[in-house]
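final-v5.txt (compact mmCIF, C-alpha atoms) appears below.
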# COMPACT_ATOMS: atom_id res chain seq x y z
CA MET A 1 0.00 0.00 0.00
CA PRO A 2 1.39 3.45 -0.86
CA SER A 3 2.29 5.88 1.88
CA ILE A 4 0.11 8.91 2.61
CA GLN A 5 0.34 11.51 -0.11
CA ARG A 6 0.66 15.08 1.05
CA HIS A 7 -1.74 16.63 -1.46
CA SER A 8 -4.20 13.92 -2.44
CA LEU A 9 -7.03 12.03 -0.79
CA HIS A 10 -7.15 8.31 -1.44
CA ALA A 11 -10.49 6.58 -1.84
CA PRO A 12 -11.93 5.27 1.44
CA ALA A 13 -11.20 1.71 2.46
CA SER A 14 -13.64 -0.96 1.35
CA PRO A 15 -16.92 -0.91 3.28
CA VAL A 16 -17.51 -2.84 6.47
CA ALA A 17 -19.35 -6.04 5.66
CA GLY A 18 -23.09 -5.55 5.62
CA GLU A 19 -22.92 -1.73 5.74
CA THR A 20 -24.17 0.80 3.25
CA HIS A 21 -21.94 3.65 2.21
CA ARG A 22 -22.25 6.92 0.36
CA ALA A 23 -21.90 6.66 -3.38
CA ALA A 24 -18.97 8.49 -4.90
CA GLY A 25 -19.89 12.06 -5.77
CA SER A 26 -23.31 11.93 -4.11
CA ALA A 27 -24.38 14.88 -1.98
CA HIS A 28 -24.17 14.62 1.76
CA TRP A 29 -27.47 14.90 3.64
CA ARG A 30 -28.39 18.24 5.19
CA VAL A 31 -30.30 19.21 8.31
CA GLU A 32 -32.58 21.25 6.06
CA ASP A 33 -33.63 18.05 4.28
CA LEU A 34 -35.30 16.77 7.45
CA ASP A 35 -38.93 17.80 7.88
CA PHE A 36 -39.30 18.26 11.63
CA SER A 37 -42.95 19.21 11.15
CA ARG A 38 -43.62 15.54 10.36
CA ILE A 39 -42.46 14.33 13.78
CA ASP A 40 -44.97 11.97 15.37
CA ARG A 41 -44.72 13.40 18.87
CA GLN A 42 -46.96 10.76 20.40
CA ALA A 43 -44.41 8.14 19.37
CA ILE A 44 -41.49 9.81 21.14
CA GLU A 45 -42.30 12.57 23.66
CA HIS A 46 -43.28 10.22 26.49
CA SER A 47 -40.12 8.10 26.24
CA GLU A 48 -37.90 9.00 29.18
CA ASP A 49 -35.10 6.77 27.94
CA MET A 50 -34.99 8.40 24.51
CA PHE A 51 -35.17 11.84 26.13
CA PHE A 52 -31.92 11.20 27.99
CA LEU A 53 -30.22 9.31 25.17
CA LEU A 54 -30.95 11.92 22.51
CA MET A 55 -30.30 14.97 24.68
CA SER A 56 -26.93 13.63 25.81
CA ALA A 57 -26.00 12.71 22.23
CA SER A 58 -26.86 16.24 21.07
CA PHE A 59 -24.46 17.66 23.68
CA ILE A 60 -21.57 15.38 22.77
CA GLU A 61 -21.90 15.93 19.02
CA THR A 62 -22.20 19.71 19.42
CA GLY A 63 -18.97 19.80 21.44
CA SER A 64 -16.97 17.75 18.95
CA ASP A 65 -15.13 20.71 17.41
CA THR A 66 -12.84 21.02 20.44
CA TYR A 67 -11.66 17.45 20.07
CA ALA A 68 -11.45 17.78 16.27
CA THR A 69 -9.14 20.77 16.57
CA ASN A 70 -6.76 18.86 18.84
CA LEU A 71 -6.81 15.86 16.52
CA ALA A 72 -6.10 17.97 13.43
CA GLU A 73 -3.11 19.52 15.21
CA HIS A 74 -1.92 16.05 16.21
CA TYR A 75 -1.70 15.14 12.50
CA ALA A 76 -0.38 18.49 11.27
CA ALA A 77 2.59 16.68 9.66
CA TYR A 78 0.10 14.90 7.39
CA PRO A 79 -1.83 17.64 5.54
CA GLU A 80 -4.18 15.14 3.89
CA ILE A 81 -5.31 13.74 7.24
CA SER A 82 -5.48 17.14 8.92
CA ALA A 83 -7.54 18.60 6.07
CA TRP A 84 -10.01 15.70 6.14
CA LEU A 85 -10.41 16.04 9.90
CA LYS A 86 -11.18 19.76 9.65
CA ASP A 87 -13.15 19.85 6.40
CA HIS A 88 -15.15 16.63 6.65
CA TRP A 89 -15.02 14.87 10.01
CA GLU A 90 -15.50 17.98 12.16
CA ALA A 91 -18.14 19.44 9.83
CA GLU A 92 -20.18 16.24 9.82
CA GLU A 93 -19.94 15.76 13.58
CA LEU A 94 -21.14 19.32 14.14
CA GLN A 95 -24.00 18.72 11.70
CA HIS A 96 -25.00 15.74 13.82
CA GLY A 97 -25.16 18.09 16.79
CA ARG A 98 -27.29 20.65 14.94
CA ALA A 99 -29.70 18.00 13.71
CA LEU A 100 -30.06 16.32 17.10
CA ARG A 101 -30.56 19.68 18.82
CA ALA A 102 -33.26 20.64 16.30
CA TYR A 103 -34.99 17.33 16.89
CA VAL A 104 -34.96 17.36 20.70
CA GLU A 105 -36.04 21.00 20.83
CA ALA A 106 -38.97 20.16 18.55
CA VAL A 107 -40.06 17.29 20.80
CA TRP A 108 -39.22 18.72 24.26
CA PRO A 109 -39.36 22.51 23.71
CA ARG A 110 -39.28 23.52 27.39
CA PHE A 111 -35.90 21.91 28.01
CA PRO A 112 -33.30 24.73 28.43
CA TRP A 113 -30.95 23.25 25.86
CA GLN A 114 -28.42 26.08 25.62
CA ARG A 115 -28.09 26.54 29.39
CA ALA A 116 -27.72 22.79 29.92
CA TYR A 117 -25.21 22.50 27.09
CA ASP A 118 -23.11 25.38 28.44
CA SER A 119 -22.99 23.62 31.81
CA PHE A 120 -22.01 20.37 30.12
CA PHE A 121 -19.33 21.98 27.97
CA GLY A 122 -17.73 23.67 30.95
CA GLU A 123 -16.89 20.19 32.26
CA TYR A 124 -16.48 18.34 28.96
CA SER A 125 -13.99 20.80 27.43
CA LYS A 126 -11.52 20.06 30.23
CA LEU A 127 -11.43 16.42 29.06
CA CYS A 128 -10.64 17.32 25.43
CA THR A 129 -6.91 17.86 25.64
CA VAL A 130 -4.00 16.92 23.44
CA GLU A 131 -2.66 14.90 26.37
CA GLU A 132 -5.63 12.54 25.99
CA LEU A 133 -4.37 11.48 22.54
CA TYR A 134 -1.88 8.66 21.99
CA PRO A 135 1.53 10.25 21.27
CA ASP A 136 2.07 7.56 18.63
CA GLN A 137 -0.04 8.72 15.68
CA ARG A 138 -0.55 5.16 14.47
CA LEU A 139 -2.05 4.09 17.80
CA GLU A 140 -4.28 7.17 17.92
CA MET A 141 -5.72 6.05 14.58
CA VAL A 142 -6.40 2.67 16.16
CA ALA A 143 -8.10 4.42 19.06
CA ARG A 144 -10.22 6.46 16.65
CA CYS A 145 -11.36 3.22 15.02
CA VAL A 146 -12.57 2.06 18.44
CA VAL A 147 -14.46 5.30 19.06
CA GLU A 148 -16.10 5.21 15.61
CA THR A 149 -17.02 1.56 16.21
CA GLY A 150 -18.71 2.63 19.43
CA THR A 151 -20.63 5.49 17.81
CA THR A 152 -21.68 3.31 14.88
CA ALA A 153 -23.01 0.67 17.27
CA TYR A 154 -24.67 3.34 19.43
CA TYR A 155 -26.57 5.05 16.62
CA HIS A 156 -27.44 1.70 15.07
CA THR A 157 -28.99 0.74 18.41
CA LEU A 158 -30.86 4.03 18.84
CA ARG A 159 -32.26 3.62 15.34
CA GLU A 160 -33.47 0.14 16.26
CA LEU A 161 -35.14 1.59 19.38
CA SER A 162 -36.85 4.38 17.47
CA ASP A 163 -40.57 4.20 16.67
CA GLU A 164 -40.66 7.72 15.23
CA PRO A 165 -40.07 8.05 11.44
CA VAL A 166 -38.18 11.37 11.36
CA LEU A 167 -35.89 10.21 14.15
CA THR A 168 -35.31 6.89 12.41
CA GLU A 169 -34.29 8.76 9.25
CA LEU A 170 -31.96 11.09 11.17
CA LEU A 171 -30.29 8.28 13.11
CA GLY A 172 -29.76 6.36 9.88
CA HIS A 173 -27.91 9.34 8.40
CA ILE A 174 -25.71 9.70 11.48
CA ARG A 175 -24.98 5.98 11.65
CA ASN A 176 -23.88 5.94 8.00
CA ASP A 177 -21.62 8.94 8.62
CA GLU A 178 -19.97 7.13 11.53
CA VAL A 179 -19.30 4.11 9.31
CA SER A 180 -17.71 6.42 6.74
CA HIS A 181 -15.56 8.05 9.43
CA TYR A 182 -14.43 4.62 10.64
CA LYS A 183 -13.37 3.65 7.13
CA HIS A 184 -11.29 6.81 6.77
CA PHE A 185 -9.53 6.30 10.11
CA LEU A 186 -8.83 2.68 9.21
CA LYS A 187 -7.47 3.69 5.82
CA TYR A 188 -5.15 6.28 7.35
CA PHE A 189 -3.97 3.79 9.97
CA LYS A 190 -3.07 1.29 7.27
CA GLU A 191 -1.08 3.93 5.40
CA LEU A 192 0.78 5.03 8.51
CA GLN A 193 1.38 1.38 9.35
CA GLN A 194 2.84 0.84 5.90
CA GLU A 195 5.33 3.65 6.49
CA ALA A 196 6.47 2.45 9.93
CA PRO A 197 4.80 -0.71 11.28
CA VAL A 198 3.79 -1.03 14.92
CA GLY A 199 3.48 -4.49 16.45
CA ARG A 200 0.17 -6.26 16.94
CA ALA A 201 0.66 -6.37 20.71
CA ARG A 202 0.69 -2.57 20.85
CA ILE A 203 -2.27 -2.37 18.49
CA ALA A 204 -4.21 -4.78 20.70
CA GLY A 205 -3.27 -2.71 23.76
CA ALA A 206 -4.58 0.48 22.14
CA LEU A 207 -7.79 -1.27 21.08
CA TYR A 208 -8.44 -2.63 24.55
CA GLY A 209 -7.40 0.56 26.33
CA ARG A 210 -9.73 2.78 24.34
CA LEU A 211 -12.53 0.21 24.52
CA LYS A 212 -12.38 0.30 28.32
CA GLU A 213 -12.51 4.09 28.26
CA LEU A 214 -15.85 3.98 26.43
CA ARG A 215 -17.38 2.86 29.71
CA GLU A 216 -16.50 6.05 31.52
CA SER A 217 -16.57 8.50 28.65
CA ASP A 218 -18.49 11.52 27.48
CA SER A 219 -21.94 9.98 27.85
CA ASP A 220 -21.81 9.95 31.65
CA VAL A 221 -20.85 13.63 31.74
CA ALA A 222 -23.62 14.54 29.30
CA LEU A 223 -26.27 12.51 31.10
CA ARG A 224 -25.53 14.23 34.41
CA HIS A 225 -26.09 17.66 32.88
CA VAL A 226 -29.28 16.59 31.13
CA TRP A 227 -30.53 15.24 34.45
CA ALA A 228 -29.64 18.47 36.27
CA HIS A 229 -31.67 20.59 33.82
CA LYS A 230 -34.62 18.32 33.01
CA GLY A 231 -37.04 20.46 35.03
CA ASP A 232 -40.56 19.07 35.04
CA TYR A 233 -39.93 16.59 32.26
CA PHE A 234 -40.54 13.11 33.67
CA ALA A 235 -40.95 14.64 37.12
CA ASP A 236 -43.09 11.69 38.19
CA SER A 237 -40.16 9.32 37.78
CA ALA A 238 -39.04 8.08 41.20
CA THR A 239 -35.59 6.99 40.03
CA ARG A 240 -32.32 8.51 41.13
CA PHE A 241 -29.79 9.61 38.52
CA GLU A 242 -27.74 6.46 39.09
CA ASP A 243 -30.79 4.26 38.55
CA MET A 244 -31.76 6.08 35.36
CA ALA A 245 -28.24 5.91 33.95
CA GLN A 246 -27.93 2.21 34.72
CA ARG A 247 -31.31 1.52 33.13
CA ILE A 248 -30.55 3.21 29.83
CA TYR A 249 -27.02 1.79 29.67
CA GLU A 250 -28.52 -1.67 30.05
CA LEU A 251 -31.18 -0.86 27.44
CA VAL A 252 -28.53 0.12 24.90
CA SER A 253 -26.12 -2.69 25.73
CA ARG A 254 -28.78 -5.36 25.26
CA ARG A 255 -29.33 -4.15 21.70
CA LEU A 256 -25.75 -3.44 20.63
CA PRO A 257 -24.83 -5.16 17.34
CA ALA A 258 -21.93 -7.14 18.84
CA ASP A 259 -20.99 -9.00 15.67
CA LEU A 260 -20.74 -5.77 13.68
CA ALA A 261 -18.70 -4.11 16.42
CA VAL A 262 -16.26 -7.03 16.64
CA ARG A 263 -15.72 -7.10 12.86
CA MET A 264 -14.89 -3.41 13.00
CA LEU A 265 -12.65 -3.74 16.07
CA LEU A 266 -10.62 -6.58 14.57
CA LYS A 267 -9.78 -4.86 11.28
CA PRO A 268 -6.91 -2.71 12.67
CA MET A 269 -5.20 -5.91 13.83
CA LEU A 270 -4.64 -6.75 10.14
CA LEU A 271 -4.99 -10.46 10.90
CA PRO A 272 -5.02 -13.21 8.26
CA PRO A 273 -8.66 -14.18 7.54
CA ARG A 274 -8.29 -17.63 9.14
CA VAL A 275 -6.88 -16.20 12.38
CA GLU A 276 -9.53 -13.48 12.48
CA GLY A 277 -12.21 -16.15 12.21
CA LEU A 278 -10.73 -18.09 15.13
CA VAL A 279 -10.57 -15.12 17.50
CA ARG A 280 -13.85 -13.44 16.54
CA THR A 281 -16.05 -15.37 19.00
CA PRO A 282 -13.95 -14.83 22.16
CA ILE A 283 -13.36 -11.19 21.20
CA SER A 284 -17.10 -10.78 20.68
CA ARG A 285 -17.78 -11.99 24.22
CA LEU A 286 -15.14 -9.65 25.65
CA ALA A 287 -16.35 -6.66 23.64
CA THR A 288 -19.96 -7.25 24.60
CA ARG A 289 -18.99 -7.34 28.29
CA VAL A 290 -16.82 -4.22 28.10
CA MET A 291 -19.28 -2.20 26.01
CA SER A 292 -22.18 -3.11 28.29
CA TYR A 293 -21.15 -0.47 30.84

Re-express the file's structure as structure tokens.
Amino acid sequence: MPSIQRHSLHAPASPVAGETHRAAGSAHWRVEDLDFSRIDRQAIEHSEDMFFLLMSASFIETGSDTYATNLAEHYAAYPEISAWLKDHWEAEELQHGRALRAYVEAVWPRFPWQRAYDSFFGEYSKLCTVEELYPDQRLEMVARCVVETGTTAYYHTLRELSDEPVLTELLGHIRNDEVSHYKHFLKYFKELQQEAPVGRARIAGALYGRLKELRESDSDVALRHVWAHKGDYFADSATRFEDMAQRIYELVSRRLPADLAVRMLLKPMLLPPRVEGLVRTPISRLATRVMSY
């Protein structure tokens, strides 16, 4: 495989098995294409679980530019990667935030979204530092593959939980974007690996390390700030924050597409097909346990 070119963008890696991907040259979806007036409010507004899941996701996606800036600087020596991170990855993540905010404000209009988000970002921004990145740029690409695997599985699961058509459409768009992001990070990792290989033991360590971090990541911070500002929404619920968080984590984990996630997680190991087939089942069990909060 050729090394990364400074002024060209290679085609994305081949799609993950069973996943759809954007056709070459086709326009990316826009928030304006979604008709929020068609929302079936009766199908969504009384769902406490979806309230917390969607609100917290809107916070995390809206705050993604801070992390994107750090990541682009981390790969400043590779203009192709840095440009893609700023021009595509960051832009699409922020669009996810705009779309999710528009949706939750349409369904739960009394929620003080901006005030709650500002509170969240005051805490979240302190976690988005360059020091959080792997110094080895190859291993940070591996870590990004783990994160994109997690977001793909998460939005896939939310889409499966959705009974509301506009939300189902939106979550499908976001899920497909996350698959596309994963393929780009995997492609760049392979090119960096071709230039200066890193051993499989270190790759496995980065995979496992970042996978464990998913359990105590942004979602917990976001959920706490949604809970603190929920006001009279679901005021009749007798649960404590800890009970609510545990309930929705278990709801999501029971529906996670484990086989898809494991296929995605194993690809950075660059294993021979026969070996990958042998380890897929035990890795699937481990990943399911770790990703189940």

Compile a residue-level contact table for range 107-208 of chain A against range 256-263 of chain A at a cut-off of 7 Å, reporting for every qualifying residue the shortest atom pair and its distance in Å to one decimal, with all atoms listed in the file counted, rows ordered by chain and ascending number, as CSV.
residue,atom,partner,partner_atom,distance
A:Thr149,CA,A:Ala261,CA,5.9
A:Ala153,CA,A:Leu256,CA,6.0
A:Tyr154,CA,A:Leu256,CA,7.0
A:Thr157,CA,A:Leu256,CA,5.7

Report task. Identify, on the basis of only C-alpha atoms, every residue whose closest approach to Ile39 in chain A does not exceed 9 Å; exclude the query and any residue fewer than 3 positions from it along the same chain; express the result as a VMD selection string. Result -> chain A and resid 35 to 36 42 to 44 103 106 to 107 164 to 167

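Close contacts of Thr62 in chain A, defined as residues with an atom at most 7 Å away when counting all atoms listed in the file, with chain neighbours fewer than 6 positions off set aside, comprise Leu94, Gly97 and Arg98 of chain A.
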
**Report entry** Pick from A:Tyr208, A:Glu169, A:Met264, A:Met141, whichever lies nearest to Arg38 in chain A using all atoms listed in the file
**Finding:**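 Closest to Arg38 in chain A, using all atoms listed in the file: A:Glu169.
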
Report task. Give as a ChimeraX atom specification the set of residues within 10 Å of the point (-32.2, 16.9, 20.1), where distances use the file's coordinates and all atoms listed in the file. Result -> /A:50-59,96-109,113,167

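CA of Ala116 in chain A lies 24.8 Å from CA of Thr168 in chain A.
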
Requested in this report: Mind giving me the straight-line distance from CA of Tyr124 in chain A to CA of Glu213 in chain A in Å, one decimal?
Outcome: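 Interatomic distance here is 14.8 Å.
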
Report summary line: Min atom-atom distance to Leu211 in chain A from the set A:Asp236, A:Glu148, A:Asp65, A:Glu80, counting only C-alpha atoms, belongs to A:Glu148

Report task. Using only C-alpha atoms, determine which residues lie at most 12 Å from Phe120 in chain A, disregarding the query and same-chain residues fewer than 2 positions distant; provide the list as a ChimeraX atom specification. Result -> /A:55-63,113-118,122-127,218-229

Taking every listed atom of range 90-104 of chain A and adding 5 Å to each side, what centre and edge lengths in Å (one decimal) does the axis-aligned box have, as lines of an AutoDock Vina configuration file?
center_x = -25.2
center_y = 18.2
center_z = 15.3
size_x = 29.5
size_y = 14.9
size_z = 20.9

Selecting all heavy atoms, how would range 95-109 of chain A from this structure be written as a short mmCIF file (atom, residue, chain, number, x, y, z; two decimals), in the first residue's frame?
data_model
loop_
_atom_site.label_atom_id
_atom_site.label_comp_id
_atom_site.auth_asym_id
_atom_site.auth_seq_id
_atom_site.Cartn_x
_atom_site.Cartn_y
_atom_site.Cartn_z
N GLN A 95 -22.67 18.83 12.30
CA GLN A 95 -24.00 18.72 11.70
C GLN A 95 -24.86 17.74 12.47
O GLN A 95 -26.06 17.96 12.64
CB GLN A 95 -23.89 18.27 10.24
CG GLN A 95 -25.26 18.09 9.59
CD GLN A 95 -25.18 17.93 8.09
OE1 GLN A 95 -24.92 18.89 7.38
NE2 GLN A 95 -25.37 16.71 7.61
N HIS A 96 -24.26 16.67 12.96
CA HIS A 96 -25.00 15.74 13.82
C HIS A 96 -25.56 16.49 15.04
O HIS A 96 -26.71 16.28 15.43
CB HIS A 96 -24.10 14.59 14.30
CG HIS A 96 -23.56 13.75 13.21
ND1 HIS A 96 -22.54 12.83 13.42
CD2 HIS A 96 -23.86 13.68 11.88
CE1 HIS A 96 -22.25 12.24 12.27
NE2 HIS A 96 -23.04 12.73 11.34
N GLY A 97 -24.72 17.34 15.63
CA GLY A 97 -25.16 18.09 16.79
C GLY A 97 -26.31 19.03 16.46
O GLY A 97 -27.27 19.14 17.22
N ARG A 98 -26.21 19.74 15.33
CA ARG A 98 -27.29 20.65 14.94
C ARG A 98 -28.60 19.91 14.71
O ARG A 98 -29.67 20.36 15.12
CB ARG A 98 -26.90 21.43 13.68
CG ARG A 98 -25.79 22.44 13.89
CD ARG A 98 -25.71 23.41 12.73
NE ARG A 98 -25.52 22.75 11.45
CZ ARG A 98 -24.34 22.39 10.95
NH1 ARG A 98 -23.23 22.61 11.65
NH2 ARG A 98 -24.25 21.81 9.77
N ALA A 99 -28.50 18.77 14.02
CA ALA A 99 -29.70 18.00 13.71
C ALA A 99 -30.34 17.43 14.97
O ALA A 99 -31.57 17.48 15.15
CB ALA A 99 -29.37 16.89 12.73
N LEU A 100 -29.53 16.88 15.86
CA LEU A 100 -30.06 16.32 17.10
C LEU A 100 -30.66 17.41 17.99
O LEU A 100 -31.71 17.22 18.60
CB LEU A 100 -28.97 15.56 17.85
CG LEU A 100 -28.57 14.22 17.23
CD1 LEU A 100 -27.26 13.72 17.84
CD2 LEU A 100 -29.67 13.17 17.43
N ARG A 101 -30.00 18.58 18.03
CA ARG A 101 -30.56 19.68 18.82
C ARG A 101 -31.91 20.10 18.24
O ARG A 101 -32.88 20.30 19.00
CB ARG A 101 -29.61 20.87 18.84
CG ARG A 101 -30.21 22.07 19.57
CD ARG A 101 -29.28 23.26 19.64
NE ARG A 101 -29.93 24.35 20.38
CZ ARG A 101 -29.34 25.50 20.69
NH1 ARG A 101 -28.08 25.73 20.32
NH2 ARG A 101 -30.00 26.43 21.36
N ALA A 102 -31.99 20.24 16.92
CA ALA A 102 -33.26 20.64 16.30
C ALA A 102 -34.36 19.63 16.63
O ALA A 102 -35.51 20.00 16.89
CB ALA A 102 -33.08 20.78 14.79
N TYR A 103 -33.99 18.37 16.62
CA TYR A 103 -34.99 17.33 16.89
C TYR A 103 -35.47 17.39 18.35
O TYR A 103 -36.68 17.41 18.60
CB TYR A 103 -34.42 15.94 16.58
CG TYR A 103 -35.48 14.86 16.72
CD1 TYR A 103 -36.29 14.52 15.64
CD2 TYR A 103 -35.69 14.22 17.93
CE1 TYR A 103 -37.29 13.57 15.77
CE2 TYR A 103 -36.69 13.26 18.07
CZ TYR A 103 -37.48 12.95 16.99
OH TYR A 103 -38.49 12.01 17.12
N VAL A 104 -34.54 17.41 19.30
CA VAL A 104 -34.96 17.36 20.70
C VAL A 104 -35.69 18.64 21.09
O VAL A 104 -36.62 18.60 21.93
CB VAL A 104 -33.77 17.09 21.66
CG1 VAL A 104 -33.16 15.72 21.38
CG2 VAL A 104 -32.72 18.18 21.58
N GLU A 105 -35.33 19.77 20.51
CA GLU A 105 -36.04 21.00 20.83
C GLU A 105 -37.45 21.00 20.24
O GLU A 105 -38.35 21.63 20.78
CB GLU A 105 -35.25 22.21 20.34
CG GLU A 105 -34.00 22.48 21.16
CD GLU A 105 -33.32 23.78 20.83
OE1 GLU A 105 -33.31 24.17 19.64
OE2 GLU A 105 -32.78 24.42 21.75
N ALA A 106 -37.64 20.28 19.12
CA ALA A 106 -38.97 20.16 18.55
C ALA A 106 -39.87 19.27 19.41
O ALA A 106 -41.08 19.50 19.52
CB ALA A 106 -38.88 19.60 17.13
N VAL A 107 -39.28 18.24 20.02
CA VAL A 107 -40.06 17.29 20.80
C VAL A 107 -40.24 17.73 22.25
O VAL A 107 -41.32 17.57 22.84
CB VAL A 107 -39.41 15.89 20.75
CG1 VAL A 107 -40.18 14.90 21.63
CG2 VAL A 107 -39.34 15.38 19.31
N TRP A 108 -39.19 18.30 22.84
CA TRP A 108 -39.22 18.72 24.26
C TRP A 108 -38.84 20.21 24.33
O TRP A 108 -37.73 20.56 24.79
CB TRP A 108 -38.25 17.87 25.08
CG TRP A 108 -38.61 16.41 25.08
CD1 TRP A 108 -39.65 15.82 25.76
CD2 TRP A 108 -37.96 15.34 24.38
NE1 TRP A 108 -39.67 14.47 25.53
CE2 TRP A 108 -38.65 14.13 24.69
CE3 TRP A 108 -36.85 15.27 23.53
CZ2 TRP A 108 -38.26 12.90 24.16
CZ3 TRP A 108 -36.47 14.04 22.99
CH2 TRP A 108 -37.18 12.87 23.32
N PRO A 109 -39.73 21.10 23.88
CA PRO A 109 -39.36 22.51 23.71
C PRO A 109 -39.07 23.27 24.99
O PRO A 109 -38.42 24.32 24.94
CB PRO A 109 -40.60 23.09 22.99
CG PRO A 109 -41.72 22.17 23.34
CD PRO A 109 -41.10 20.81 23.44
#
